[in-house]
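Peer 1: Sharing model16.txt (compact mmCIF, N, CA and C atoms) below.
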# COMPACT_ATOMS: atom_id res chain seq x y z
N VAL A 9 -48.84 70.81 -124.31
CA VAL A 9 -47.67 69.95 -124.29
C VAL A 9 -47.39 69.46 -125.71
N GLN A 10 -46.11 69.36 -126.05
CA GLN A 10 -45.70 68.81 -127.34
C GLN A 10 -44.97 67.49 -127.11
N LEU A 11 -45.14 66.57 -128.05
CA LEU A 11 -44.52 65.25 -127.93
C LEU A 11 -43.53 65.04 -129.07
N VAL A 12 -42.41 64.44 -128.76
CA VAL A 12 -41.40 64.14 -129.76
C VAL A 12 -40.97 62.68 -129.60
N GLU A 13 -41.14 61.90 -130.68
CA GLU A 13 -40.71 60.51 -130.66
C GLU A 13 -39.28 60.42 -131.21
N SER A 14 -38.57 59.41 -130.75
CA SER A 14 -37.24 59.14 -131.28
C SER A 14 -36.94 57.66 -131.09
N GLY A 15 -35.91 57.21 -131.79
CA GLY A 15 -35.44 55.84 -131.60
C GLY A 15 -35.75 54.89 -132.73
N GLY A 16 -36.54 55.32 -133.69
CA GLY A 16 -36.86 54.43 -134.79
C GLY A 16 -35.66 54.19 -135.69
N GLU A 17 -35.52 52.96 -136.17
CA GLU A 17 -34.43 52.61 -137.08
C GLU A 17 -34.70 51.27 -137.72
N LEU A 18 -33.76 50.82 -138.52
CA LEU A 18 -33.83 49.50 -139.15
C LEU A 18 -33.26 48.46 -138.19
N VAL A 19 -34.00 47.38 -138.00
CA VAL A 19 -33.57 46.32 -137.10
C VAL A 19 -33.94 44.97 -137.71
N GLN A 20 -33.17 43.95 -137.38
CA GLN A 20 -33.46 42.61 -137.90
C GLN A 20 -34.56 41.94 -137.10
N ALA A 21 -35.28 41.08 -137.75
CA ALA A 21 -36.33 40.30 -137.08
C ALA A 21 -35.74 39.55 -135.89
N GLY A 22 -36.50 39.55 -134.80
CA GLY A 22 -36.02 38.93 -133.57
C GLY A 22 -35.27 39.87 -132.66
N GLY A 23 -34.94 41.04 -133.17
CA GLY A 23 -34.20 42.01 -132.40
C GLY A 23 -35.09 42.87 -131.52
N SER A 24 -34.47 43.83 -130.86
CA SER A 24 -35.17 44.73 -129.94
C SER A 24 -34.91 46.18 -130.31
N LEU A 25 -35.84 47.02 -129.91
CA LEU A 25 -35.71 48.45 -130.15
C LEU A 25 -36.49 49.18 -129.07
N ARG A 26 -35.99 50.33 -128.68
CA ARG A 26 -36.69 51.13 -127.66
C ARG A 26 -36.97 52.51 -128.23
N LEU A 27 -38.23 52.84 -128.33
CA LEU A 27 -38.64 54.16 -128.77
C LEU A 27 -38.89 55.04 -127.54
N SER A 28 -38.67 56.33 -127.71
CA SER A 28 -38.92 57.27 -126.64
C SER A 28 -39.92 58.33 -127.09
N CYS A 29 -40.73 58.76 -126.16
CA CYS A 29 -41.68 59.84 -126.37
C CYS A 29 -41.42 60.85 -125.27
N THR A 30 -40.91 62.01 -125.66
CA THR A 30 -40.53 63.02 -124.69
C THR A 30 -41.48 64.20 -124.79
N ALA A 31 -41.89 64.70 -123.63
CA ALA A 31 -42.83 65.81 -123.58
C ALA A 31 -42.12 67.11 -123.25
N SER A 32 -42.75 68.19 -123.67
CA SER A 32 -42.13 69.51 -123.50
C SER A 32 -42.45 70.15 -122.17
N GLU A 33 -43.42 69.59 -121.42
CA GLU A 33 -43.86 70.25 -120.20
C GLU A 33 -43.88 69.29 -119.02
N ARG A 34 -43.77 69.87 -117.83
CA ARG A 34 -43.80 69.08 -116.61
C ARG A 34 -45.19 68.52 -116.32
N THR A 35 -46.23 69.06 -116.97
CA THR A 35 -47.59 68.55 -116.76
C THR A 35 -47.79 67.22 -117.47
N PHE A 36 -46.74 66.71 -118.09
CA PHE A 36 -46.78 65.41 -118.78
C PHE A 36 -47.36 64.33 -117.90
N GLY A 37 -47.10 64.40 -116.61
CA GLY A 37 -47.57 63.38 -115.68
C GLY A 37 -49.08 63.34 -115.53
N ASP A 38 -49.80 64.32 -116.07
CA ASP A 38 -51.26 64.34 -116.00
C ASP A 38 -51.91 63.58 -117.15
N TYR A 39 -51.12 63.12 -118.10
CA TYR A 39 -51.67 62.56 -119.33
C TYR A 39 -51.53 61.04 -119.40
N THR A 40 -52.54 60.41 -119.96
CA THR A 40 -52.41 59.03 -120.42
C THR A 40 -51.72 59.08 -121.78
N ILE A 41 -50.76 58.19 -121.99
CA ILE A 41 -50.01 58.15 -123.24
C ILE A 41 -50.32 56.87 -123.99
N GLY A 42 -50.60 57.04 -125.25
CA GLY A 42 -50.83 55.88 -126.11
C GLY A 42 -49.78 55.80 -127.20
N TRP A 43 -49.49 54.59 -127.61
CA TRP A 43 -48.63 54.36 -128.78
C TRP A 43 -49.49 53.76 -129.89
N PHE A 44 -49.33 54.31 -131.07
CA PHE A 44 -50.03 53.83 -132.24
C PHE A 44 -49.01 53.61 -133.36
N ARG A 45 -49.40 52.88 -134.36
CA ARG A 45 -48.52 52.70 -135.50
C ARG A 45 -49.34 52.65 -136.77
N GLN A 46 -48.67 53.02 -137.86
CA GLN A 46 -49.33 53.00 -139.16
C GLN A 46 -48.36 52.46 -140.19
N ALA A 47 -48.70 51.31 -140.72
CA ALA A 47 -47.91 50.72 -141.79
C ALA A 47 -48.36 51.28 -143.13
N ALA A 48 -47.52 51.12 -144.13
CA ALA A 48 -47.84 51.64 -145.46
C ALA A 48 -49.16 51.04 -145.95
N ARG A 49 -50.02 51.90 -146.43
CA ARG A 49 -51.31 51.51 -147.03
C ARG A 49 -52.25 50.84 -146.03
N LYS A 50 -52.02 51.09 -144.74
CA LYS A 50 -52.91 50.55 -143.73
C LYS A 50 -53.38 51.67 -142.79
N GLU A 51 -54.42 51.39 -142.06
CA GLU A 51 -54.93 52.36 -141.11
C GLU A 51 -54.07 52.37 -139.85
N ARG A 52 -54.11 53.48 -139.17
CA ARG A 52 -53.39 53.59 -137.90
C ARG A 52 -54.02 52.63 -136.90
N GLU A 53 -53.17 51.95 -136.14
CA GLU A 53 -53.68 50.99 -135.17
C GLU A 53 -53.06 51.20 -133.80
N PHE A 54 -53.81 50.81 -132.80
CA PHE A 54 -53.38 50.91 -131.40
C PHE A 54 -52.30 49.89 -131.11
N VAL A 55 -51.28 50.31 -130.37
CA VAL A 55 -50.22 49.41 -129.93
C VAL A 55 -50.32 49.18 -128.43
N GLY A 56 -50.39 50.26 -127.66
CA GLY A 56 -50.48 50.13 -126.22
C GLY A 56 -50.67 51.49 -125.58
N SER A 57 -51.01 51.49 -124.30
CA SER A 57 -51.18 52.74 -123.58
C SER A 57 -50.77 52.55 -122.12
N ILE A 58 -50.47 53.68 -121.49
CA ILE A 58 -50.12 53.67 -120.08
C ILE A 58 -50.78 54.85 -119.40
N SER A 59 -51.34 54.61 -118.22
CA SER A 59 -52.05 55.66 -117.51
C SER A 59 -51.08 56.70 -116.97
N TRP A 60 -51.64 57.81 -116.51
CA TRP A 60 -50.81 58.90 -115.99
C TRP A 60 -49.97 58.43 -114.81
N SER A 61 -50.48 57.51 -114.02
CA SER A 61 -49.75 57.01 -112.84
C SER A 61 -48.78 55.90 -113.20
N GLY A 62 -48.97 55.30 -114.36
CA GLY A 62 -48.16 54.15 -114.74
C GLY A 62 -48.71 52.83 -114.23
N ARG A 63 -49.81 52.87 -113.52
CA ARG A 63 -50.34 51.64 -112.91
C ARG A 63 -51.18 50.81 -113.87
N SER A 64 -51.71 51.44 -114.91
CA SER A 64 -52.55 50.70 -115.85
C SER A 64 -51.94 50.74 -117.24
N THR A 65 -51.81 49.58 -117.83
CA THR A 65 -51.34 49.49 -119.21
C THR A 65 -52.26 48.57 -120.01
N TYR A 66 -52.39 48.87 -121.27
CA TYR A 66 -53.17 48.05 -122.19
C TYR A 66 -52.32 47.83 -123.43
N TYR A 67 -52.47 46.65 -124.02
CA TYR A 67 -51.70 46.31 -125.22
C TYR A 67 -52.58 45.65 -126.25
N ALA A 68 -52.26 45.90 -127.50
CA ALA A 68 -52.91 45.18 -128.58
C ALA A 68 -52.48 43.71 -128.52
N ASP A 69 -53.36 42.83 -128.92
CA ASP A 69 -53.05 41.40 -128.88
C ASP A 69 -51.81 41.07 -129.71
N SER A 70 -51.60 41.82 -130.77
CA SER A 70 -50.49 41.52 -131.67
C SER A 70 -49.12 41.80 -131.05
N VAL A 71 -49.08 42.59 -129.98
CA VAL A 71 -47.79 42.92 -129.37
C VAL A 71 -47.69 42.44 -127.93
N LYS A 72 -48.76 41.92 -127.39
CA LYS A 72 -48.77 41.49 -126.00
C LYS A 72 -47.70 40.42 -125.77
N GLY A 73 -46.92 40.63 -124.71
CA GLY A 73 -45.84 39.69 -124.41
C GLY A 73 -44.53 40.05 -125.10
N ARG A 74 -44.57 40.97 -126.05
CA ARG A 74 -43.35 41.39 -126.75
C ARG A 74 -43.01 42.86 -126.49
N PHE A 75 -44.03 43.69 -126.32
CA PHE A 75 -43.82 45.13 -126.12
C PHE A 75 -44.22 45.51 -124.70
N THR A 76 -43.51 46.47 -124.14
CA THR A 76 -43.89 47.05 -122.85
C THR A 76 -43.73 48.57 -122.92
N ILE A 77 -44.39 49.25 -122.00
CA ILE A 77 -44.39 50.71 -122.00
C ILE A 77 -43.90 51.22 -120.65
N PRO A 78 -42.62 51.46 -120.50
CA PRO A 78 -42.12 52.08 -119.27
C PRO A 78 -42.42 53.57 -119.26
N ARG A 79 -42.61 54.10 -118.08
CA ARG A 79 -42.93 55.52 -117.96
C ARG A 79 -42.06 56.14 -116.87
N ASP A 80 -41.54 57.33 -117.13
CA ASP A 80 -40.75 58.08 -116.16
C ASP A 80 -41.23 59.52 -116.16
N ASN A 81 -42.15 59.85 -115.28
CA ASN A 81 -42.72 61.20 -115.26
C ASN A 81 -41.68 62.25 -114.85
N ALA A 82 -40.73 61.85 -114.04
CA ALA A 82 -39.69 62.79 -113.62
C ALA A 82 -38.85 63.26 -114.82
N MET A 83 -38.75 62.39 -115.81
CA MET A 83 -37.99 62.71 -117.02
C MET A 83 -38.90 63.16 -118.16
N ASN A 84 -40.20 63.26 -117.88
CA ASN A 84 -41.17 63.62 -118.93
C ASN A 84 -41.07 62.67 -120.12
N MET A 85 -40.95 61.37 -119.85
CA MET A 85 -40.70 60.43 -120.93
C MET A 85 -41.50 59.15 -120.76
N VAL A 86 -42.03 58.68 -121.88
CA VAL A 86 -42.63 57.35 -121.97
C VAL A 86 -41.90 56.61 -123.08
N SER A 87 -41.58 55.37 -122.85
CA SER A 87 -40.88 54.58 -123.85
C SER A 87 -41.77 53.46 -124.38
N LEU A 88 -41.36 52.90 -125.47
CA LEU A 88 -41.98 51.70 -126.01
C LEU A 88 -40.85 50.71 -126.23
N GLN A 89 -40.76 49.73 -125.34
CA GLN A 89 -39.74 48.69 -125.46
C GLN A 89 -40.29 47.57 -126.32
N MET A 90 -39.63 47.33 -127.43
CA MET A 90 -40.11 46.34 -128.40
C MET A 90 -39.10 45.22 -128.52
N ASP A 91 -39.52 44.03 -128.16
CA ASP A 91 -38.67 42.84 -128.24
C ASP A 91 -39.26 41.84 -129.23
N LYS A 92 -38.43 40.92 -129.66
CA LYS A 92 -38.87 39.87 -130.60
C LYS A 92 -39.59 40.48 -131.80
N LEU A 93 -38.98 41.47 -132.39
CA LEU A 93 -39.61 42.20 -133.48
C LEU A 93 -39.82 41.31 -134.70
N ARG A 94 -40.89 41.60 -135.40
CA ARG A 94 -41.28 40.86 -136.60
C ARG A 94 -41.39 41.82 -137.77
N PRO A 95 -41.24 41.33 -138.99
CA PRO A 95 -41.40 42.23 -140.15
C PRO A 95 -42.74 42.96 -140.16
N GLU A 96 -43.78 42.32 -139.64
CA GLU A 96 -45.09 42.97 -139.62
C GLU A 96 -45.19 44.10 -138.60
N ASP A 97 -44.15 44.30 -137.80
CA ASP A 97 -44.10 45.45 -136.90
C ASP A 97 -43.59 46.70 -137.61
N THR A 98 -43.18 46.56 -138.84
CA THR A 98 -42.71 47.71 -139.61
C THR A 98 -43.82 48.74 -139.77
N ALA A 99 -43.55 49.97 -139.36
CA ALA A 99 -44.55 51.03 -139.41
C ALA A 99 -43.93 52.33 -138.91
N VAL A 100 -44.68 53.39 -139.08
CA VAL A 100 -44.37 54.64 -138.38
C VAL A 100 -45.08 54.58 -137.03
N TYR A 101 -44.33 54.81 -135.98
CA TYR A 101 -44.87 54.74 -134.63
C TYR A 101 -45.08 56.15 -134.08
N TYR A 102 -46.24 56.34 -133.48
CA TYR A 102 -46.62 57.62 -132.92
C TYR A 102 -46.94 57.48 -131.43
N CYS A 103 -46.56 58.47 -130.66
CA CYS A 103 -47.09 58.56 -129.31
C CYS A 103 -48.13 59.67 -129.29
N ALA A 104 -49.09 59.53 -128.40
CA ALA A 104 -50.19 60.47 -128.31
C ALA A 104 -50.59 60.62 -126.85
N ALA A 105 -51.19 61.75 -126.53
CA ALA A 105 -51.56 62.04 -125.15
C ALA A 105 -53.02 62.45 -125.05
N THR A 106 -53.64 62.02 -123.97
CA THR A 106 -54.97 62.48 -123.63
C THR A 106 -55.00 62.82 -122.15
N HIS A 107 -55.73 63.88 -121.81
CA HIS A 107 -55.83 64.27 -120.41
C HIS A 107 -56.96 63.53 -119.70
N LEU A 108 -57.71 62.73 -120.45
CA LEU A 108 -58.85 62.01 -119.86
C LEU A 108 -58.33 60.79 -119.12
N LYS A 109 -58.70 60.69 -117.86
CA LYS A 109 -58.16 59.65 -116.98
C LYS A 109 -59.20 58.60 -116.63
N ASN A 110 -58.68 57.47 -116.17
CA ASN A 110 -59.52 56.43 -115.56
C ASN A 110 -60.63 55.91 -116.48
N ARG A 111 -60.31 55.81 -117.75
CA ARG A 111 -61.22 55.19 -118.71
C ARG A 111 -60.74 53.75 -118.92
N GLY A 112 -61.55 52.93 -119.52
CA GLY A 112 -61.15 51.54 -119.73
C GLY A 112 -60.33 51.34 -120.99
N SER A 113 -59.98 50.08 -121.20
CA SER A 113 -59.11 49.75 -122.33
C SER A 113 -59.75 50.10 -123.66
N HIS A 114 -61.04 49.89 -123.78
CA HIS A 114 -61.71 50.19 -125.06
C HIS A 114 -61.56 51.66 -125.41
N PHE A 115 -61.62 52.51 -124.42
CA PHE A 115 -61.49 53.95 -124.64
C PHE A 115 -60.11 54.29 -125.18
N TYR A 116 -59.08 53.80 -124.52
CA TYR A 116 -57.72 54.20 -124.86
C TYR A 116 -57.21 53.56 -126.15
N LYS A 117 -57.94 52.60 -126.67
CA LYS A 117 -57.56 52.00 -127.95
C LYS A 117 -58.02 52.82 -129.15
N GLN A 118 -58.78 53.86 -128.90
CA GLN A 118 -59.35 54.67 -129.98
C GLN A 118 -58.49 55.92 -130.20
N SER A 119 -57.93 56.04 -131.40
CA SER A 119 -57.01 57.15 -131.67
C SER A 119 -57.69 58.51 -131.54
N GLU A 120 -58.98 58.58 -131.80
CA GLU A 120 -59.68 59.87 -131.74
C GLU A 120 -59.83 60.40 -130.32
N LYS A 121 -59.53 59.58 -129.32
CA LYS A 121 -59.61 60.03 -127.93
C LYS A 121 -58.36 60.80 -127.51
N TYR A 122 -57.35 60.82 -128.34
CA TYR A 122 -56.11 61.50 -128.03
C TYR A 122 -56.06 62.83 -128.77
N ASP A 123 -55.67 63.88 -128.08
CA ASP A 123 -55.69 65.19 -128.70
C ASP A 123 -54.32 65.79 -128.96
N ILE A 124 -53.26 65.10 -128.55
CA ILE A 124 -51.90 65.59 -128.80
C ILE A 124 -51.11 64.44 -129.41
N TRP A 125 -50.44 64.72 -130.51
CA TRP A 125 -49.70 63.69 -131.24
C TRP A 125 -48.27 64.15 -131.53
N GLY A 126 -47.38 63.18 -131.52
CA GLY A 126 -46.03 63.44 -131.99
C GLY A 126 -45.96 63.31 -133.50
N GLN A 127 -44.77 63.51 -134.04
CA GLN A 127 -44.59 63.52 -135.49
C GLN A 127 -44.35 62.12 -136.05
N GLY A 128 -44.05 61.16 -135.21
CA GLY A 128 -43.83 59.78 -135.65
C GLY A 128 -42.37 59.46 -135.86
N THR A 129 -42.04 58.18 -135.74
CA THR A 129 -40.69 57.70 -135.99
C THR A 129 -40.79 56.35 -136.71
N GLN A 130 -39.97 56.17 -137.73
CA GLN A 130 -40.06 54.99 -138.59
C GLN A 130 -39.31 53.81 -137.96
N VAL A 131 -40.00 52.69 -137.91
CA VAL A 131 -39.38 51.42 -137.50
C VAL A 131 -39.49 50.45 -138.66
N THR A 132 -38.37 49.90 -139.06
CA THR A 132 -38.35 48.92 -140.14
C THR A 132 -37.70 47.65 -139.64
N VAL A 133 -38.41 46.54 -139.78
CA VAL A 133 -37.91 45.24 -139.33
C VAL A 133 -37.65 44.38 -140.56
N SER A 134 -36.41 43.99 -140.75
CA SER A 134 -36.04 43.19 -141.92
C SER A 134 -35.91 41.72 -141.55
N LEU A 135 -36.04 40.88 -142.57
CA LEU A 135 -35.91 39.44 -142.34
C LEU A 135 -34.46 39.06 -142.07
Written as structure tokens, that's how I'd like the structure from this file.

Peer 2:
Amino acid sequence: VQLVESGGELVQAGGSLRLSCTASERTFGDYTIGWFRQAARKEREFVGSISWSGRSTYYADSVKGRFTIPRDNAMNMVSLQMDKLRPEDTAVYYCAATHLKNRGSHFYKQSEKYDIWGQGTQVTVSL
């Protein structure tokens, strides 16, 4: 399966943005999807994840209450809904997939557990 992110753009602080991660195959529904981000001169960090069924989600503390991850397996799509954006949310955002299911939050927060990655989409939040 291949993943393609879209939706990144320049937005003002306090605004909202919705990123999309679209998969190339119908087997997309078998994968847990994670969102990660990497700001300039920083390491890639976990943002959130959603299980293959959509029943389990995990979020980084820095985005909890502001970001959500809707999933539509029929459309082969996972989104990242970002509200109340802050300048520190500026980064390249990546979606990633792993076929490993039913692991805990600690597992899905680790980027090395994902074996399929999209190319990334830039999000810039201005003051």

Peer 1: As a VMD selection string, please: all residues of chain A that backbone DSSP puts in helix (DSSP H, G or I).

Peer 2: chain A and resid 34 to 38 81 to 83 95 to 97 113 to 116 119 to 121

Peer 1: If we count all atoms listed in the file, what is near Gln20 (chain A) at a cut-off of 6 Å, once residues fewer than 3 positions away on the same chain are taken out, given as JSON, numbers by chain?

Peer 2: {"A": [23, 93, 133, 134, 135]}

Peer 1: Which of these residues is nearest to Ser59 (chain A), using all atoms listed in the file: A:Val86, A:Ile41, A:Leu18, A:Cys103?

Peer 2: A:Ile41

Peer 1: With distances taken over only N, CA and C atoms, which residue among A:Asn110, A:Arg52, A:Ala104, A:Asn81 lies nearest Tyr122 (chain A)?

Peer 2: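 Result for the nearest residue to Tyr122 (chain A): A:Ala104.
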
Peer 1: I want to know what sits within 8 Å of Leu11 (chain A), based on all atoms listed in the file, with residues of the same chain fewer than 5 positions away left out; could you give that as an MDAnalysis selection string?

Peer 2: chainID A and resid 28:33 103:105 124:128

Peer 1: Please produce a file of those selected residues containing N, CA and C atoms, as a PDB file, in the frame of the given file.

Peer 2:
ATOM      1  N   SER A  28     -38.670  56.330-127.710  1.00  0.00           N
ATOM      2  CA  SER A  28     -38.920  57.270-126.640  1.00  0.00           C
ATOM      3  C   SER A  28     -39.920  58.330-127.090  1.00  0.00           C
ATOM      4  N   CYS A  29     -40.730  58.760-126.160  1.00  0.00           N
ATOM      5  CA  CYS A  29     -41.680  59.840-126.370  1.00  0.00           C
ATOM      6  C   CYS A  29     -41.420  60.850-125.270  1.00  0.00           C
ATOM      7  N   THR A  30     -40.910  62.010-125.660  1.00  0.00           N
ATOM      8  CA  THR A  30     -40.530  63.020-124.690  1.00  0.00           C
ATOM      9  C   THR A  30     -41.480  64.200-124.790  1.00  0.00           C
ATOM     10  N   ALA A  31     -41.890  64.700-123.630  1.00  0.00           N
ATOM     11  CA  ALA A  31     -42.830  65.810-123.580  1.00  0.00           C
ATOM     12  C   ALA A  31     -42.120  67.110-123.250  1.00  0.00           C
ATOM     13  N   SER A  32     -42.750  68.190-123.670  1.00  0.00           N
ATOM     14  CA  SER A  32     -42.130  69.510-123.500  1.00  0.00           C
ATOM     15  C   SER A  32     -42.450  70.150-122.170  1.00  0.00           C
ATOM     16  N   GLU A  33     -43.420  69.590-121.420  1.00  0.00           N
ATOM     17  CA  GLU A  33     -43.860  70.250-120.200  1.00  0.00           C
ATOM     18  C   GLU A  33     -43.880  69.290-119.020  1.00  0.00           C
ATOM     19  N   CYS A 103     -46.560  58.470-130.660  1.00  0.00           N
ATOM     20  CA  CYS A 103     -47.090  58.560-129.310  1.00  0.00           C
ATOM     21  C   CYS A 103     -48.130  59.670-129.290  1.00  0.00           C
ATOM     22  N   ALA A 104     -49.090  59.530-128.400  1.00  0.00           N
ATOM     23  CA  ALA A 104     -50.190  60.470-128.310  1.00  0.00           C
ATOM     24  C   ALA A 104     -50.590  60.620-126.850  1.00  0.00           C
ATOM     25  N   ALA A 105     -51.190  61.750-126.530  1.00  0.00           N
ATOM     26  CA  ALA A 105     -51.560  62.040-125.150  1.00  0.00           C
ATOM     27  C   ALA A 105     -53.020  62.450-125.050  1.00  0.00           C
ATOM     28  N   ILE A 124     -53.260  65.100-128.550  1.00  0.00           N
ATOM     29  CA  ILE A 124     -51.900  65.590-128.800  1.00  0.00           C
ATOM     30  C   ILE A 124     -51.110  64.440-129.410  1.00  0.00           C
ATOM     31  N   TRP A 125     -50.440  64.720-130.510  1.00  0.00           N
ATOM     32  CA  TRP A 125     -49.700  63.690-131.240  1.00  0.00           C
ATOM     33  C   TRP A 125     -48.270  64.150-131.530  1.00  0.00           C
ATOM     34  N   GLY A 126     -47.380  63.180-131.520  1.00  0.00           N
ATOM     35  CA  GLY A 126     -46.030  63.440-131.990  1.00  0.00           C
ATOM     36  C   GLY A 126     -45.960  63.310-133.500  1.00  0.00           C
ATOM     37  N   GLN A 127     -44.770  63.510-134.040  1.00  0.00           N
ATOM     38  CA  GLN A 127     -44.590  63.520-135.490  1.00  0.00           C
ATOM     39  C   GLN A 127     -44.350  62.120-136.050  1.00  0.00           C
ATOM     40  N   GLY A 128     -44.050  61.160-135.210  1.00  0.00           N
ATOM     41  CA  GLY A 128     -43.830  59.780-135.650  1.00  0.00           C
ATOM     42  C   GLY A 128     -42.370  59.460-135.860  1.00  0.00           C
TER      43      GLY A 128
END

Peer 1: Taking into account only C-alpha atoms, which residue in the set A:Met83, A:Leu88, A:Leu108, A:Val9 is nearest to Gly56 (chain A)?

Peer 2: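 Using only C-alpha atoms, the shortest distance to Gly56 (chain A) belongs to A:Leu88.
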
Peer 1: Which value, in Å to one decimal, gives the distance between atom C of Val71 (chain A) and atom C of Val55 (chain A)?

Peer 2: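 The value is 7.3 Å.
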
Peer 1: Which of these, A:Thr35, A:Gly112, A:Thr132, A:Asp69, has the shortest distance to Glu53 (chain A) once you count only C-alpha atoms?

Peer 2: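 Looking at the shortest contact to Glu53 (chain A), the residue is A:Asp69.
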
Peer 1: Between atom C of Ala99 (chain A) and atom N of Glu13 (chain A), what is the distance, to one decimal in Å?

Peer 2: 12.9 Å

Peer 1: Have a look at A:Met90, A:Arg63, A:Glu96, A:Gln118 and name the one nearest to Thr76 (chain A); count all atoms listed in the file.

Peer 2: A:Met90

Peer 1: Enumerate, as a PyMOL selection string, the protein, DNA and RNA residues whose atoms approach (-40.8, 58.2, -136.7) to within 7 Å, taking into account only C-alpha atoms and the coordinate frame of the file.

Peer 2: chain A and resi 13-14+16+100-102+127-131

Peer 1: If I take atom N of Val19 (chain A) and CA of Tyr66 (chain A), how far is one from the other in Å, to one decimal?

Peer 2: 24.9 Å

Peer 1: I want to know what sits within 8 Å of Pro78 (chain A), based on only N, CA and C atoms, with residues of the same chain fewer than 4 positions away left out; could you give that as a PyMOL selection string?

Peer 2: chain A and resi 58+62+85-89

Peer 1: Determine which residues of region 15-135 of chain A DSSP labels as strand (DSSP E or B) from the backbone of this structure, then write them out as a ChimeraX atom specification.

Peer 2: /A:18-20,25-31,40-46,53-58,65-67,75-76,79-80,85-90,99-106,124-125,129-134

Peer 1: With distances taken over only C-alpha atoms, which of A:Phe36, A:Lys92, A:Thr98, A:Lys72 is nearest to Lys50 (chain A)?

Peer 2: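 Looking at the shortest contact to Lys50 (chain A), the residue is A:Thr98.
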
Peer 1: Could you give me the axis-aligned bounding box of region 117-131 of chain A, with 6 Å of padding per side, as centre plus edge lengths in Å to one decimal, as JSON?

Peer 2:
{"center_x": -49.6, "center_y": 58.1, "center_z": -132.7, "size_x": 32.5, "size_y": 27.3, "size_z": 24.0}
